Every structure is written in C-alpha cells, then in structure tokens.
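Asker: The following block contains the structure, expressed as structure tokens.
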Amino acid sequence: MKRLSGFSIWLLFACSLIMASCSGSGGSEEEFELGAPIAKQATDITSSGFTANWSRVYKAESYLLDVATDIDFTTFLSGYKSKAVSNLNEEITNLDGNVSYYYRVRAVSGSIVSDNSNLIELTTSFEPDPDQTLKNSSDNFLIGVALQSSKLNGNYDEIYKREFSSLTSEYEMKMNVMHPSQDSYDFGPADAIVDYAQENGINVHGHSLIWHNSTPDWVTNFQGSDQEFEDMIEGYITTVVTRYKGKVTSWDVVNEAFEDGSGNLRNSIYRQRMGDDYIAKCYQFVRAADPDVLLFYNDYSMVSDQTKQNAVFSMVDDFIARDIPIDGLGFQLHIQYDYPAKADIEAAVQKVVDRDLLMHFSELDIRVNPNNDLTSLSQDRSLAQKAKYKEMVEILKSIPEENAYALTVWGLVDNESWLINFHGQQDWPLLFDSNFEKKDAYYGFLEGLQ
Ligand code: 9MR
C-alpha cells in the first residue's frame, strides 16, 4: 500500500469536510437565527424631531421600527408601529418639543422577524416661547436669587424683575452688617433690598440671623454674663425681625450650626454662651417677635454628609417633639454637575416632606470645573450643567406643592459667583454669563419647570 503523504491526508480531510457541509442538512434558508438589532442613541435631537439609529443585523433585509410615547409601547406615534425601514436609521419629524419618545426595532429577513432590540428613550428639546420666564413658568414654588443692594439697577434690575419671584440678600442681612457694633444698627443695605422687593412685588427670604461666620467681633468678645449675652441676642433678633415683619416672609434663623463629618454642634460663641439649646432659644425669640414669619434651618452638605444630615434631622425631630417652632429646611446645594446623585438628593428631600416641613433649595449653584480642567466652558460641560439644573428643578417640582417653598440660585452672573474667589479657580456655576446672557443652564431650569 502506498503511503499517503502529509499533503494527501490534509486534502482528504478537507474534501470530507466540504462533502459533509454540502450533504444531509437540506440547506433550508428558514432555519438560521436572525439576531435582534442593537438600537443606538438618537441623534440630531431638536424641538421637532430626531434620528433613530440601530446596528446592522447579518442577513437582515429590512427593519421594523416602533416609536411610542410610553415606555410600554402602548401608544405609538402615528405611522410608526412596525414601520418598515431599509436603512439603519430613520429621521422622525413633526414632533412636539420637550416630549419623551421611545423606540425599538426588529430585523426582518424573508418571513423571519427577530426579537425586539433594546429600547431607547429620548426627550425632544424644548423651544421656549420668548415671553416665558422662570417665575411665570413656576406654579409650585418661588424662584429666588441672591443679590446685593449695590446691584439693583441696569441689567440686574431688568432680570430680577423679569425672572425672579423671591430674593435673598447675599450678605447684607447678616449680623456683622446689620449690627456692626453693640450700640449701632445699620439697616441701610437691608432696607434697600427689602424696599426694592416691596416695590416690585418680590418675596424676601431673610438670611441669616445667626451664623458663626458673620458674627461681629463685639459679639465674640462680649463683656457681660451669659444671661446678658442671651438677652443681647434676644434683643438683636427681636429688633431685626420686628423691623421686617410683614415684609420678610421667612428667615434662616440659624445657619450652619453643625460641624462637617462629625455632626457635632459647632462650638460657636452662641453655644458657649447660651448652651447646647441655643438654637431652640433663637427660634423661640423669632416666633415671639413675629407669629407669622416662616422659620428655616439652613445648612450645606445636607445630601453628601450623611452624619450632618442625621444630626440636623435629629434636631428637627427634637424641635417637633418639644413644640419648638420650625417651618422648613434650607438645603444650600452648592453642588457639582456630576455630584451628588439625583437619588441621594431625592432621599434627603423626602425626609423634609416626611416631616411635613417646607423645602427651600436655598443657595443653588452648580460647579462645572471642580477639577480645574477647563479654561473656558465647554459645550459638553455646559450641557451637563443644564441637565443638573433641570434635575434640581424637577426634584423640587415633584414633591407635594405644600412642601415646596422656593428654589434660590446663589447669584446671577457667573463671574460674580462667590465660588470663584473661594476656590481660586475659574468656574461658570450660575444661569447667566458675564454678559447677562442666558446660558444652557437657564434653559435647563426653564425646561425643568415645564
Ligand atoms: O456668597 C456670600 C458672600 O458674598 C459673602 O461674602 C459671604 C460672607 O457673608 O457669604 C456668602 O454666602 C454664604 C451664605 O451666606 C451661607 N452659605 C455659604 C455661602 C457661601 O459662602
């Protein structure tokens, strides 16, 4: 017998493989598996349309596209229930702005139809009516801004009156400004702000009666007994609250009383002189001076610092149990475009609703450059900031109306934000740019109100 060479063995093996593949199976076209397409993100999203996209499927001859206005695909867009499309995308037009749409797609080959793809959700963009403003788009809560008495004119004046229904003094209604020495009060700037609000039908949120950071030196160095100190604080609170009775709707009575991380009470001069219960005493002094004014406790990191959050809610629960007056909480919300997460903010807000208190988002600004990687505001970051502003508005809008007090932004134009000096780096945290032009952030805010 002739020995087969290595090449011949290989040839025999290859031939037998080919014969096996050509025989026996019958070669029926119908039996192959037709994969489902992968739906891709929509592109070219405008206020009246978008392009739906998906991946090619091997052997597909066409695709069936569903577009619906609900996630369960019960209400289809007219003409888009199993619409046959031969391309890998479809431009959909004549839609409404600021509406959510859902699409999915199946592949078709002959009589075979694949499973559904994943579903894609998108919202068409919002085309504001030029007459729409923040304040006239908000039914549930006040739209506030922090401002300064020296800037109640020109562009500031025009925007405050057009867009805002509430204001907070950024620093001129604090003790170091209003009560600069033991024998004197200076209500000049505070009066200017309150008068401006009155003339223009704008609400005033008072900020803030007691804050360790705005304590004048004469209070820190107060000569006198602890009882005299407490009487002095009661006198100050009574004087200020009485002066603005009927004009200031709400006060941050005590601001930032808890330490970061530990949740301990800060060892401020107020605590040292009046004891651990100094906060409750201050709320009682305000209530005695004005039975109608709303009393808020205001603090930062109320979402990110769980320990502080717990400490604040323990205080609130103790106040409720002891009948110490308190009407609401201010979450300052000096936040970032990517932090904190929506679910964590909602969970903290829910704790306010659970106690049937008023919720004030009291000092909102959204940093876009926390890592200092930008030298100008990029489009991506601007859109991320827009989305976060929209999210914040939607969170406040979603709670019961009787619990939503106001959403106040901490300043008007980017270049005047406190954050720039505080962090010593560039940022663009507010709704208007340095030319008083509306930013994407503004439109995110407006979209959130729709
Ligand atoms: O933005 C305010 C800045 O202009 C003042 O100089 C400073 C001191 O009065 O207070 C800033 O506002 C703070 C607010 O009153 C309380 N939460 C933190 C704010 C930023 O520091």
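In the structure tokens, chains take letters A, B, ... by order of appearance, with residues numbered from 1 within each chain and ligands from 1 in the order shown.
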Do you know which residues are at most 8 Å from Ala406 in chain A counting only C-alpha atoms, after dropping those on the same chain fewer than 3 positions away, and could you put them as a list in words?
Answerer: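 So the residues in contact are Phe141, Leu142, Ile143, Gly144, Ser166, Met359, His360, Phe361 and Ser362 of chain A.
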Asker: Determine, counting only C-alpha atoms, which protein, DNA and RNA residues have an atom within 8 Å of an atom of Phe258 in chain A; residues of the same chain fewer than 4 positions away are not included. Present the result as a list in words.
Answerer: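 Answer for this query is Gly263, Asn264, Leu265, Arg266, Lys308, Ala311 and Val312 of chain A.
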Asker: Only all heavy atoms, please: the residues just picked out, written as a PDB file, in the first residue's frame.
Answerer:
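Written out: selection-v3.pdb:
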```pdb
ATOM      1  N   GLY A 263     -21.087  65.817  62.727  1.00  0.00           N
ATOM      2  CA  GLY A 263     -22.476  66.088  63.119  1.00  0.00           C
ATOM      3  C   GLY A 263     -22.576  66.736  64.496  1.00  0.00           C
ATOM      4  O   GLY A 263     -23.667  66.973  65.002  1.00  0.00           O
ATOM      5  N   ASN A 264     -21.424  67.051  65.097  1.00  0.00           N
ATOM      6  CA  ASN A 264     -21.467  67.750  66.391  1.00  0.00           C
ATOM      7  C   ASN A 264     -21.873  69.208  66.170  1.00  0.00           C
ATOM      8  O   ASN A 264     -21.616  69.766  65.109  1.00  0.00           O
ATOM      9  CB  ASN A 264     -20.083  67.752  67.053  1.00  0.00           C
ATOM     10  CG  ASN A 264     -19.687  66.343  67.476  1.00  0.00           C
ATOM     11  OD1 ASN A 264     -20.553  65.518  67.763  1.00  0.00           O
ATOM     12  ND2 ASN A 264     -18.391  66.083  67.486  1.00  0.00           N
ATOM     13  N   LEU A 265     -22.438  69.783  67.222  1.00  0.00           N
ATOM     14  CA  LEU A 265     -22.713  71.224  67.158  1.00  0.00           C
ATOM     15  C   LEU A 265     -21.380  71.961  67.094  1.00  0.00           C
ATOM     16  O   LEU A 265     -20.441  71.612  67.822  1.00  0.00           O
ATOM     17  CB  LEU A 265     -23.427  71.668  68.439  1.00  0.00           C
ATOM     18  CG  LEU A 265     -24.932  71.567  68.523  1.00  0.00           C
ATOM     19  CD1 LEU A 265     -25.387  72.135  69.878  1.00  0.00           C
ATOM     20  CD2 LEU A 265     -25.599  72.331  67.385  1.00  0.00           C
ATOM     21  N   ARG A 266     -21.291  72.945  66.209  1.00  0.00           N
ATOM     22  CA  ARG A 266     -20.084  73.781  66.224  1.00  0.00           C
ATOM     23  C   ARG A 266     -20.002  74.469  67.576  1.00  0.00           C
ATOM     24  O   ARG A 266     -21.026  74.907  68.113  1.00  0.00           O
ATOM     25  CB  ARG A 266     -20.191  74.890  65.169  1.00  0.00           C
ATOM     26  CG  ARG A 266     -20.023  74.438  63.769  1.00  0.00           C
ATOM     27  CD  ARG A 266     -20.131  75.659  62.832  1.00  0.00           C
ATOM     28  NE  ARG A 266     -20.465  75.211  61.497  1.00  0.00           N
ATOM     29  CZ  ARG A 266     -19.570  74.821  60.591  1.00  0.00           C
ATOM     30  NH1 ARG A 266     -18.283  74.837  60.884  1.00  0.00           N
ATOM     31  NH2 ARG A 266     -19.956  74.422  59.403  1.00  0.00           N
ATOM     32  N   LYS A 308     -23.972  64.739  59.095  1.00  0.00           N
ATOM     33  CA  LYS A 308     -24.558  66.057  59.351  1.00  0.00           C
ATOM     34  C   LYS A 308     -26.071  66.008  59.107  1.00  0.00           C
ATOM     35  O   LYS A 308     -26.857  66.549  59.892  1.00  0.00           O
ATOM     36  CB  LYS A 308     -23.914  67.110  58.437  1.00  0.00           C
ATOM     37  CG  LYS A 308     -24.371  68.516  58.747  1.00  0.00           C
ATOM     38  CD  LYS A 308     -23.923  69.516  57.704  1.00  0.00           C
ATOM     39  CE  LYS A 308     -22.504  69.996  57.934  1.00  0.00           C
ATOM     40  NZ  LYS A 308     -22.179  71.170  57.079  1.00  0.00           N
ATOM     41  N   ALA A 311     -27.754  64.522  61.999  1.00  0.00           N
ATOM     42  CA  ALA A 311     -27.739  65.433  63.154  1.00  0.00           C
ATOM     43  C   ALA A 311     -28.819  66.503  62.987  1.00  0.00           C
ATOM     44  O   ALA A 311     -29.543  66.828  63.938  1.00  0.00           O
ATOM     45  CB  ALA A 311     -26.367  66.077  63.292  1.00  0.00           C
ATOM     46  N   VAL A 312     -28.957  67.038  61.764  1.00  0.00           N
ATOM     47  CA  VAL A 312     -29.960  68.083  61.530  1.00  0.00           C
ATOM     48  C   VAL A 312     -31.370  67.514  61.730  1.00  0.00           C
ATOM     49  O   VAL A 312     -32.208  68.124  62.403  1.00  0.00           O
ATOM     50  CB  VAL A 312     -29.800  68.699  60.122  1.00  0.00           C
ATOM     51  CG1 VAL A 312     -30.984  69.595  59.780  1.00  0.00           C
ATOM     52  CG2 VAL A 312     -28.491  69.480  60.031  1.00  0.00           C
TER      53      VAL A 312
END
```
Asker: Per residue of chain A within 10 Å of ligand 1, what are the shortest atom pair and its distance in Å to one decimal, counting only C-alpha atoms and all ligand atoms, with rows by chain and residue number, as JSON lines?
Answerer:
```
{"residue": "A:Ala146", "atom": "CA", "partner": "ligand 1", "partner_atom_place_in_ligand_line": "1 (O)", "distance": 8.1}
{"residue": "A:Leu147", "atom": "CA", "partner": "ligand 1", "partner_atom_place_in_ligand_line": "4 (O)", "distance": 8.9}
{"residue": "A:Gln148", "atom": "CA", "partner": "ligand 1", "partner_atom_place_in_ligand_line": "4 (O)", "distance": 8.5}
{"residue": "A:Thr168", "atom": "CA", "partner": "ligand 1", "partner_atom_place_in_ligand_line": "15 (O)", "distance": 9.5}
{"residue": "A:Ser169", "atom": "CA", "partner": "ligand 1", "partner_atom_place_in_ligand_line": "15 (O)", "distance": 8.5}
{"residue": "A:Glu170", "atom": "CA", "partner": "ligand 1", "partner_atom_place_in_ligand_line": "2 (C)", "distance": 5.2}
{"residue": "A:Tyr171", "atom": "CA", "partner": "ligand 1", "partner_atom_place_in_ligand_line": "9 (O)", "distance": 4.4}
{"residue": "A:Glu172", "atom": "CA", "partner": "ligand 1", "partner_atom_place_in_ligand_line": "9 (O)", "distance": 7.6}
{"residue": "A:Met173", "atom": "CA", "partner": "ligand 1", "partner_atom_place_in_ligand_line": "9 (O)", "distance": 9.0}
{"residue": "A:Lys174", "atom": "CA", "partner": "ligand 1", "partner_atom_place_in_ligand_line": "9 (O)", "distance": 7.0}
{"residue": "A:Met175", "atom": "CA", "partner": "ligand 1", "partner_atom_place_in_ligand_line": "9 (O)", "distance": 9.4}
{"residue": "A:Asn176", "atom": "CA", "partner": "ligand 1", "partner_atom_place_in_ligand_line": "9 (O)", "distance": 8.4}
{"residue": "A:Val177", "atom": "CA", "partner": "ligand 1", "partner_atom_place_in_ligand_line": "9 (O)", "distance": 8.8}
{"residue": "A:His207", "atom": "CA", "partner": "ligand 1", "partner_atom_place_in_ligand_line": "15 (O)", "distance": 7.0}
{"residue": "A:Ser208", "atom": "CA", "partner": "ligand 1", "partner_atom_place_in_ligand_line": "15 (O)", "distance": 7.1}
{"residue": "A:Trp211", "atom": "CA", "partner": "ligand 1", "partner_atom_place_in_ligand_line": "16 (C)", "distance": 8.1}
{"residue": "A:Asn213", "atom": "CA", "partner": "ligand 1", "partner_atom_place_in_ligand_line": "8 (C)", "distance": 6.9}
{"residue": "A:Ser214", "atom": "CA", "partner": "ligand 1", "partner_atom_place_in_ligand_line": "9 (O)", "distance": 6.0}
{"residue": "A:Thr215", "atom": "CA", "partner": "ligand 1", "partner_atom_place_in_ligand_line": "9 (O)", "distance": 9.7}
{"residue": "A:Asp252", "atom": "CA", "partner": "ligand 1", "partner_atom_place_in_ligand_line": "16 (C)", "distance": 9.9}
{"residue": "A:Asn255", "atom": "CA", "partner": "ligand 1", "partner_atom_place_in_ligand_line": "16 (C)", "distance": 7.1}
{"residue": "A:Glu256", "atom": "CA", "partner": "ligand 1", "partner_atom_place_in_ligand_line": "17 (N)", "distance": 7.6}
{"residue": "A:Asn298", "atom": "CA", "partner": "ligand 1", "partner_atom_place_in_ligand_line": "16 (C)", "distance": 8.2}
{"residue": "A:Asp299", "atom": "CA", "partner": "ligand 1", "partner_atom_place_in_ligand_line": "17 (N)", "distance": 7.1}
{"residue": "A:Tyr300", "atom": "CA", "partner": "ligand 1", "partner_atom_place_in_ligand_line": "17 (N)", "distance": 6.9}
{"residue": "A:Phe331", "atom": "CA", "partner": "ligand 1", "partner_atom_place_in_ligand_line": "17 (N)", "distance": 9.8}
{"residue": "A:Gln332", "atom": "CA", "partner": "ligand 1", "partner_atom_place_in_ligand_line": "17 (N)", "distance": 6.7}
{"residue": "A:Leu333", "atom": "CA", "partner": "ligand 1", "partner_atom_place_in_ligand_line": "17 (N)", "distance": 9.3}
{"residue": "A:His334", "atom": "CA", "partner": "ligand 1", "partner_atom_place_in_ligand_line": "18 (C)", "distance": 8.1}
{"residue": "A:Ser362", "atom": "CA", "partner": "ligand 1", "partner_atom_place_in_ligand_line": "17 (N)", "distance": 8.9}
{"residue": "A:Glu363", "atom": "CA", "partner": "ligand 1", "partner_atom_place_in_ligand_line": "17 (N)", "distance": 7.1}
{"residue": "A:Leu364", "atom": "CA", "partner": "ligand 1", "partner_atom_place_in_ligand_line": "19 (C)", "distance": 9.9}
{"residue": "A:Trp410", "atom": "CA", "partner": "ligand 1", "partner_atom_place_in_ligand_line": "1 (O)", "distance": 7.0}
{"residue": "A:Gly411", "atom": "CA", "partner": "ligand 1", "partner_atom_place_in_ligand_line": "1 (O)", "distance": 7.7}
{"residue": "A:Glu416", "atom": "CA", "partner": "ligand 1", "partner_atom_place_in_ligand_line": "4 (O)", "distance": 8.9}
{"residue": "A:Ser417", "atom": "CA", "partner": "ligand 1", "partner_atom_place_in_ligand_line": "1 (O)", "distance": 7.2}
{"residue": "A:Trp418", "atom": "CA", "partner": "ligand 1", "partner_atom_place_in_ligand_line": "1 (O)", "distance": 4.9}
{"residue": "A:Leu419", "atom": "CA", "partner": "ligand 1", "partner_atom_place_in_ligand_line": "20 (C)", "distance": 7.5}
{"residue": "A:Asn421", "atom": "CA", "partner": "ligand 1", "partner_atom_place_in_ligand_line": "3 (C)", "distance": 9.7}
{"residue": "A:Phe422", "atom": "CA", "partner": "ligand 1", "partner_atom_place_in_ligand_line": "21 (O)", "distance": 7.8}
```
Asker: Pull N, CA, C and O atoms from the residues just selected and write them as a compact mmCIF listing (two decimals), in the first residue's frame.
Answerer:
```txt
# COMPACT_ATOMS: atom_id res chain seq x y z
N ALA A 146 -29.98 85.30 44.96
CA ALA A 146 -29.23 86.05 45.98
C ALA A 146 -28.67 87.30 45.32
O ALA A 146 -28.11 87.23 44.22
N LEU A 147 -28.80 88.42 46.01
CA LEU A 147 -28.35 89.67 45.39
C LEU A 147 -27.75 90.64 46.41
O LEU A 147 -27.73 90.38 47.61
N GLN A 148 -27.27 91.76 45.88
CA GLN A 148 -26.59 92.77 46.70
C GLN A 148 -27.26 94.13 46.46
O GLN A 148 -27.67 94.42 45.33
N THR A 168 -32.97 86.82 48.16
CA THR A 168 -32.25 86.65 49.41
C THR A 168 -31.08 87.63 49.35
O THR A 168 -30.42 87.74 48.31
N SER A 169 -30.83 88.32 50.44
CA SER A 169 -29.65 89.18 50.49
C SER A 169 -28.41 88.28 50.63
O SER A 169 -28.37 87.42 51.51
N GLU A 170 -27.43 88.50 49.75
CA GLU A 170 -26.27 87.59 49.77
C GLU A 170 -25.45 87.76 51.06
O GLU A 170 -24.91 86.80 51.58
N TYR A 171 -25.35 89.00 51.58
CA TYR A 171 -24.61 89.17 52.85
C TYR A 171 -25.06 90.36 53.70
O TYR A 171 -24.56 90.54 54.81
N GLU A 172 -26.00 91.15 53.21
CA GLU A 172 -26.29 92.39 53.92
C GLU A 172 -27.40 92.28 54.98
O GLU A 172 -27.72 93.26 55.64
N MET A 173 -27.94 91.08 55.15
CA MET A 173 -28.89 90.88 56.25
C MET A 173 -28.30 89.90 57.26
O MET A 173 -29.02 89.12 57.90
N LYS A 174 -26.98 89.99 57.41
CA LYS A 174 -26.27 89.19 58.41
C LYS A 174 -25.87 90.12 59.56
O LYS A 174 -25.80 91.35 59.39
N MET A 175 -25.59 89.51 60.69
CA MET A 175 -25.39 90.31 61.90
C MET A 175 -24.20 91.27 61.77
O MET A 175 -24.27 92.41 62.24
N ASN A 176 -23.12 90.82 61.13
CA ASN A 176 -21.94 91.71 61.06
C ASN A 176 -22.22 92.98 60.26
O ASN A 176 -21.58 94.00 60.49
N VAL A 177 -23.20 92.91 59.34
CA VAL A 177 -23.54 94.11 58.57
C VAL A 177 -24.64 94.91 59.27
O VAL A 177 -24.55 96.13 59.39
N HIS A 207 -31.90 86.20 55.38
CA HIS A 207 -30.72 85.32 55.53
C HIS A 207 -29.59 86.13 56.11
O HIS A 207 -29.19 87.09 55.47
N SER A 208 -29.00 85.77 57.21
CA SER A 208 -29.47 84.83 58.19
C SER A 208 -29.18 85.43 59.56
O SER A 208 -28.20 86.12 59.71
N TRP A 211 -25.26 83.19 62.37
CA TRP A 211 -24.31 82.38 61.60
C TRP A 211 -22.92 82.62 62.19
O TRP A 211 -22.49 83.77 62.27
N ASN A 213 -20.16 82.47 60.98
CA ASN A 213 -19.24 83.17 60.08
C ASN A 213 -19.55 84.64 59.90
O ASN A 213 -18.78 85.35 59.27
N SER A 214 -20.68 85.10 60.38
CA SER A 214 -20.99 86.52 60.24
C SER A 214 -21.20 87.16 61.61
O SER A 214 -21.96 88.11 61.77
N THR A 215 -20.50 86.61 62.58
CA THR A 215 -20.59 87.14 63.94
C THR A 215 -19.64 88.34 64.07
O THR A 215 -18.44 88.19 63.82
N ASP A 252 -33.85 82.43 57.67
CA ASP A 252 -32.90 81.42 58.14
C ASP A 252 -32.51 81.90 59.53
O ASP A 252 -31.79 82.89 59.67
N ASN A 255 -27.92 79.32 60.86
CA ASN A 255 -27.30 78.83 59.63
C ASN A 255 -26.05 78.01 59.99
O ASN A 255 -25.22 78.48 60.78
N GLU A 256 -25.95 76.82 59.44
CA GLU A 256 -24.71 76.02 59.51
C GLU A 256 -24.24 75.77 60.94
O GLU A 256 -23.07 75.98 61.27
N ASN A 298 -30.93 76.29 57.94
CA ASN A 298 -30.24 76.24 56.65
C ASN A 298 -28.83 75.67 56.81
O ASN A 298 -28.11 76.05 57.74
N ASP A 299 -28.46 74.76 55.91
CA ASP A 299 -27.09 74.21 56.02
C ASP A 299 -26.63 73.66 54.67
O ASP A 299 -27.45 73.46 53.76
N TYR A 300 -25.31 73.41 54.57
CA TYR A 300 -24.74 72.85 53.34
C TYR A 300 -24.39 71.38 53.55
O TYR A 300 -24.44 70.88 54.68
N PHE A 331 -31.75 73.54 52.12
CA PHE A 331 -30.56 72.81 51.65
C PHE A 331 -29.83 73.80 50.74
O PHE A 331 -30.39 74.22 49.72
N GLN A 332 -28.62 74.13 51.11
CA GLN A 332 -27.92 75.16 50.32
C GLN A 332 -27.67 74.69 48.88
O GLN A 332 -27.85 75.43 47.93
N LEU A 333 -27.13 73.47 48.75
CA LEU A 333 -26.90 72.88 47.42
C LEU A 333 -25.87 73.64 46.59
O LEU A 333 -26.13 74.03 45.45
N HIS A 334 -24.72 73.82 47.18
CA HIS A 334 -23.55 74.24 46.39
C HIS A 334 -22.99 72.94 45.83
O HIS A 334 -22.21 72.24 46.49
N SER A 362 -31.84 76.54 48.85
CA SER A 362 -31.66 77.93 49.26
C SER A 362 -30.47 78.66 48.65
O SER A 362 -30.45 79.88 48.63
N GLU A 363 -29.47 77.92 48.16
CA GLU A 363 -28.26 78.61 47.65
C GLU A 363 -27.71 77.85 46.45
O GLU A 363 -26.50 77.65 46.33
N LEU A 364 -28.57 77.44 45.56
CA LEU A 364 -28.11 76.55 44.48
C LEU A 364 -27.11 77.22 43.54
O LEU A 364 -27.34 78.33 43.04
N TRP A 410 -27.70 81.05 43.88
CA TRP A 410 -26.82 81.88 44.71
C TRP A 410 -26.01 82.85 43.85
O TRP A 410 -24.78 82.74 43.73
N GLY A 411 -26.73 83.82 43.26
CA GLY A 411 -26.08 84.83 42.42
C GLY A 411 -26.68 84.80 41.04
O GLY A 411 -27.42 83.88 40.67
N GLU A 416 -19.51 86.75 38.96
CA GLU A 416 -19.64 87.34 40.29
C GLU A 416 -19.94 86.30 41.36
O GLU A 416 -20.22 86.65 42.51
N SER A 417 -19.86 85.02 41.00
CA SER A 417 -20.16 83.99 41.99
C SER A 417 -19.08 83.96 43.09
O SER A 417 -17.89 84.06 42.80
N TRP A 418 -19.52 83.76 44.31
CA TRP A 418 -18.60 83.62 45.45
C TRP A 418 -17.60 82.48 45.23
O TRP A 418 -16.50 82.49 45.77
N LEU A 419 -17.99 81.49 44.40
CA LEU A 419 -17.18 80.28 44.24
C LEU A 419 -15.81 80.59 43.62
O LEU A 419 -14.83 79.89 43.88
N ASN A 421 -13.72 83.20 43.95
CA ASN A 421 -12.71 83.55 44.96
C ASN A 421 -12.49 82.43 45.95
O ASN A 421 -11.36 82.15 46.36
N PHE A 422 -13.57 81.78 46.30
CA PHE A 422 -13.48 80.75 47.35
C PHE A 422 -12.54 79.62 46.94
O PHE A 422 -11.71 79.17 47.71
```
Asker: Looking at only C-alpha atoms, which of A:Gly224, A:Gly275, A:Gly49, A:Pro128 is the one that sits closest to Thr93 in chain A?
Answerer: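 Smallest distance to Thr93 in chain A is found for A:Gly49.
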Asker: Rank A:Asn155, A:Ser165, A:Phe296, A:Arg355 by their smallest atom-to-atom distance to Asn140 in chain A, using only C-alpha atoms, and report the top residue only.
Answerer: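 That would be A:Ser165, the residue with the smallest distance to Asn140 in chain A.
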Asker: Give me, as a PyMOL selection string, the residues of range 45-263 of chain A that a backbone DSSP run labels strand (DSSP E or B).
Answerer: chain A and resi 50-54+62-68+76+83-85+89-92+100-109+112-113+120-123+142-147+166-169+181+184+203-206+210-211+250-255+258
Asker: If we count only C-alpha atoms, what is near range 196-202 of chain A at a cut-off of 8 Å, once residues fewer than 5 positions away on the same chain are taken out, given as JSON, numbers by chain?
Answerer: {"A": [152, 161, 164, 165, 166, 167, 247]}
Asker: Write the residues of the preceding selection, restricted to N, CA, C and O atoms, as a PDB file, in the first residue's frame.
Answerer:
```pdb
ATOM      1  N   LEU A 152     -28.936  96.789  42.072  1.00  0.00           N
ATOM      2  CA  LEU A 152     -30.388  96.684  41.870  1.00  0.00           C
ATOM      3  C   LEU A 152     -30.784  97.533  40.665  1.00  0.00           C
ATOM      4  O   LEU A 152     -31.901  98.018  40.567  1.00  0.00           O
ATOM      5  N   LYS A 161     -36.478  91.524  37.974  1.00  0.00           N
ATOM      6  CA  LYS A 161     -37.929  91.758  37.854  1.00  0.00           C
ATOM      7  C   LYS A 161     -38.579  90.783  36.879  1.00  0.00           C
ATOM      8  O   LYS A 161     -39.708  90.370  37.072  1.00  0.00           O
ATOM      9  N   PHE A 164     -37.502  86.561  38.541  1.00  0.00           N
ATOM     10  CA  PHE A 164     -37.497  86.047  39.914  1.00  0.00           C
ATOM     11  C   PHE A 164     -38.683  86.531  40.746  1.00  0.00           C
ATOM     12  O   PHE A 164     -39.114  87.678  40.615  1.00  0.00           O
ATOM     13  N   SER A 165     -39.157  85.642  41.607  1.00  0.00           N
ATOM     14  CA  SER A 165     -40.282  85.986  42.477  1.00  0.00           C
ATOM     15  C   SER A 165     -39.872  86.038  43.946  1.00  0.00           C
ATOM     16  O   SER A 165     -40.698  86.261  44.824  1.00  0.00           O
ATOM     17  N   SER A 166     -38.586  85.789  44.217  1.00  0.00           N
ATOM     18  CA  SER A 166     -38.108  85.841  45.598  1.00  0.00           C
ATOM     19  C   SER A 166     -36.663  86.312  45.578  1.00  0.00           C
ATOM     20  O   SER A 166     -35.958  86.107  44.584  1.00  0.00           O
ATOM     21  N   LEU A 167     -36.225  86.918  46.654  1.00  0.00           N
ATOM     22  CA  LEU A 167     -34.803  87.250  46.730  1.00  0.00           C
ATOM     23  C   LEU A 167     -34.282  87.041  48.137  1.00  0.00           C
ATOM     24  O   LEU A 167     -35.020  87.039  49.129  1.00  0.00           O
ATOM     25  N   LYS A 247     -42.811  92.048  55.832  1.00  0.00           N
ATOM     26  CA  LYS A 247     -42.056  92.310  54.593  1.00  0.00           C
ATOM     27  C   LYS A 247     -41.112  91.165  54.268  1.00  0.00           C
ATOM     28  O   LYS A 247     -40.816  90.910  53.096  1.00  0.00           O
TER      29      LYS A 247
END
```
Asker: Taking only C-alpha atoms into account, which of A:Asp427, A:Asp318, A:Leu209, A:Leu122 comes nearest Asn371 in chain A?
Answerer: A:Asp427
Asker: Point out the residue among A:Arg322, A:Lys397, A:His212, A:Lys386 with the least atom-to-atom distance to Ser268 in chain A, counting only C-alpha atoms.
Answerer: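 Using only C-alpha atoms, the shortest distance to Ser268 in chain A belongs to A:His212.
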